[in-house]
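A.B. asks: First, the structure itself, so that you have it in front of you.
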Amino acid sequence: MWPPAARAQLARGTIPYATCLTDAEWALVQPFMPPPGQTGRPRRWPMRLILDGILYVLRTGCAWAHLPRDFPPPGTVHRWFLRLARSGIFERLAHAVAMAGRQCLSRSLSHGRRPGCAVRTLRRVGVAGARGYDAAKRGVGRNRHALVDTDGRLLMVAVSPASLHDSRGGAAVLAASRRPWPFLSRCFADRAYAGSRVADASPLAVTLVGSPPGQKGFAVQPRRWVMEQSFAWIGPCRRLARDHEATTSSAAALFTLATAMLLV
């Protein structure tokens with residue numbers, strides 16, 4: 001159960017929307033936001049209000065054009081989301097809060113887990129959209145390949161068409177993880193990531209975790225439930241329940257922002 005002190009700290013009765021940042025949360029996020037420019041036209045809208053609009057879309061799943069009038073114009077919020085996503089601010093925020101969470105628990109970061117999750121896209125995807133047909137799940141959509149630590153904090157994420165085999169997406173995640181997380185030594189994954197493509201993608205030792213021979217029915221597999229827990233944490237973010245984004249980069253940015261705000 002939540003203790004009364006934690007409930008009082010996370011209470012949001014004094015803010016307009018439950019998705020808006022509190023003063024303490026904004027103090028953590030503000031250093032990662034781009035500062036105002038020294039030249040040109042000054043900003044009309046504060047960055048905190050723009051980020052609140054992005055979080056409102058992420059949590060409620062509404063379209064950008066349906067933002068309430070308490071927020072900046074939808075076009076302004078959307079353009080700032082694209083700018084923040086392309087500049088890698090969401091990734092830097094997720095990296096910082098993940099490291100801070102590890103340090104609070106005095107834990108070293110040497111192991112990771114890397115299963116994947118499938119999400120269906122809309123039938124109509126933009127010109128830059130990439131989607132594919134998954135014969136196993138019989139649906140058109142995309143796959144999310146995530147790398148989390150032993151407690152479920154997101155380290156890396158990649159989004160690929162569902163027609164692309166899991167081993168290719170997993171290899172891309174492992175190869176990209178070496179720069180921000182060079183001290184990872186072992187990765188636990190399910191059997192969909194078996195093969196030399198994943199094993200040779202990075203110096204990480206990949207350990208496959210699967211059901212033992214003869215198992216009947218459902219059973220929690222060791223070290224695999226953490227990834228399922230991580231995907232369940234972002235379940236309340238309705239924008240991620242169905243992939244509405246035209247590009248895989250925007251889909252990955254929203255996923256990264258959702259996991260970062262959990263820690264914030």
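Identifiers in this document derive from the order of the structure tokens: chains are assigned A, B, ..., residues are numbered from 1 separately in each chain, and ligands are numbered from 1 in order of occurrence.
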Applying 7 Å and only C-alpha atoms, which residues near range 47-63 of chain A remain after dropping the ones on its own chain fewer than 6 positions away? List them as a list of chain:residue names.

C.D. replies: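 Within the cut-off, the hits are A:Thr19, A:Cys20, A:Leu21, A:Phe71, A:Pro72, A:Val77, A:Phe81, A:Pro236, A:Cys237, A:Arg238, A:Arg239.
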
A.B. asks: Those residues with C-alpha atoms, as a PDB file, in the first residue's frame please?

C.D. replies:
ATOM      1  CA  THR A  19      -0.725  15.218 -16.315  1.00  0.00           C
ATOM      2  CA  CYS A  20       0.743  18.640 -15.490  1.00  0.00           C
ATOM      3  CA  LEU A  21       4.132  18.791 -13.803  1.00  0.00           C
ATOM      4  CA  PHE A  71      -2.404  24.702 -23.484  1.00  0.00           C
ATOM      5  CA  PRO A  72      -0.552  26.466 -26.309  1.00  0.00           C
ATOM      6  CA  VAL A  77       3.024  21.880 -29.053  1.00  0.00           C
ATOM      7  CA  PHE A  81       7.615  17.767 -29.569  1.00  0.00           C
ATOM      8  CA  PRO A 236      -1.952   4.071 -18.635  1.00  0.00           C
ATOM      9  CA  CYS A 237      -0.385   6.124 -21.460  1.00  0.00           C
ATOM     10  CA  ARG A 238      -3.164   5.732 -24.004  1.00  0.00           C
ATOM     11  CA  ARG A 239      -1.134   7.264 -26.810  1.00  0.00           C
TER      12      ARG A 239
END

A.B. asks: So, with only C-alpha atoms as the atoms that count, which of A:Leu93, A:Ala24, A:Ala199, A:Leu164 lies closest to Ala130 in chain A?

C.D. replies: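 Among A:Leu93, A:Ala24, A:Ala199, A:Leu164, it is A:Leu164 that comes nearest to Ala130 in chain A.
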
A.B. asks: Quick one: of A:Thr150, A:Ser160, A:Ser87, A:Ser167, who's nearest to Ala192 in chain A, counting only C-alpha atoms?

C.D. replies: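 Result for the nearest residue to Ala192 in chain A: A:Ser167.
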
A.B. asks: I'd like to know which residues of range 50-219 of chain A are strand (DSSP E or B) (by DSSP, run on the backbone); could you write them as a ChimeraX atom specification?

C.D. replies: /A:111-113,116-121,132-134,139-148,154-161,186-189,205-208

A.B. asks: Which distance in Å separates CA of Ala205 in chain A and CA of Ala171 in chain A, to one decimal?

C.D. replies: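 That distance, rounded to one decimal, is 12.4 Å.
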
A.B. asks: Quick one: residues within 8 Å of Arg153 in chain A, only C-alpha atoms counted, chain neighbours fewer than 6 positions away excluded, as JSON, numbers by chain?

C.D. replies: {"A": [98, 230, 259]}

A.B. asks: Would you export the selected residues with all heavy atoms as a short mmCIF file (atom, residue, chain, number, x, y, z; two decimals), in the first residue's frame, please?

C.D. replies:
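Final file, again38.cif:
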data_model
loop_
_atom_site.label_atom_id
_atom_site.label_comp_id
_atom_site.auth_asym_id
_atom_site.auth_seq_id
_atom_site.Cartn_x
_atom_site.Cartn_y
_atom_site.Cartn_z
N ALA A 98 17.42 7.38 -14.94
CA ALA A 98 17.74 5.98 -14.70
C ALA A 98 19.01 5.84 -13.87
O ALA A 98 19.07 5.03 -12.92
CB ALA A 98 17.89 5.23 -16.02
N SER A 230 7.69 -3.63 -16.97
CA SER A 230 8.01 -2.33 -17.55
C SER A 230 6.97 -1.91 -18.58
O SER A 230 6.55 -0.75 -18.62
CB SER A 230 9.40 -2.38 -18.20
OG SER A 230 10.39 -2.71 -17.24
N THR A 259 8.48 6.45 -20.12
CA THR A 259 9.28 5.75 -19.11
C THR A 259 10.09 6.74 -18.27
O THR A 259 10.29 6.51 -17.07
CB THR A 259 10.22 4.75 -19.78
OG1 THR A 259 11.03 5.43 -20.76
CG2 THR A 259 9.43 3.67 -20.47
#

A.B. asks: Compare A:Ala100, A:Arg144, A:Pro16, A:Ala232 by their minimum atom-to-atom distance to Arg69 in chain A, counting only C-alpha atoms, and give me the closest one.

C.D. replies: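 When distances to Arg69 in chain A are compared using only C-alpha atoms, the smallest one comes from A:Pro16.
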
A.B. asks: Could you pull the residues within 8 Å of Val264 in chain A, counting only C-alpha atoms, minus those fewer than 5 positions along the same chain, as a PDB file with N, CA, C and O atoms, in the first residue's frame?

C.D. replies:
ATOM      1  N   GLU A  25       8.744  18.327  -9.852  1.00  0.00           N
ATOM      2  CA  GLU A  25       9.030  17.589 -11.081  1.00  0.00           C
ATOM      3  C   GLU A  25       9.631  18.507 -12.146  1.00  0.00           C
ATOM      4  O   GLU A  25      10.549  18.108 -12.869  1.00  0.00           O
ATOM      5  N   LEU A  28      13.297  19.025 -11.839  1.00  0.00           N
ATOM      6  CA  LEU A  28      14.130  17.940 -12.360  1.00  0.00           C
ATOM      7  C   LEU A  28      14.239  17.988 -13.883  1.00  0.00           C
ATOM      8  O   LEU A  28      15.286  17.663 -14.447  1.00  0.00           O
ATOM      9  N   VAL A  29      13.170  18.388 -14.540  1.00  0.00           N
ATOM     10  CA  VAL A  29      13.121  18.345 -16.002  1.00  0.00           C
ATOM     11  C   VAL A  29      13.701  19.603 -16.631  1.00  0.00           C
ATOM     12  O   VAL A  29      14.281  19.547 -17.725  1.00  0.00           O
ATOM     13  N   VAL A  97      17.670  10.110 -15.301  1.00  0.00           N
ATOM     14  CA  VAL A  97      16.826   9.642 -14.201  1.00  0.00           C
ATOM     15  C   VAL A  97      17.065   8.160 -13.922  1.00  0.00           C
ATOM     16  O   VAL A  97      16.939   7.714 -12.775  1.00  0.00           O
TER      17      VAL A  97
END
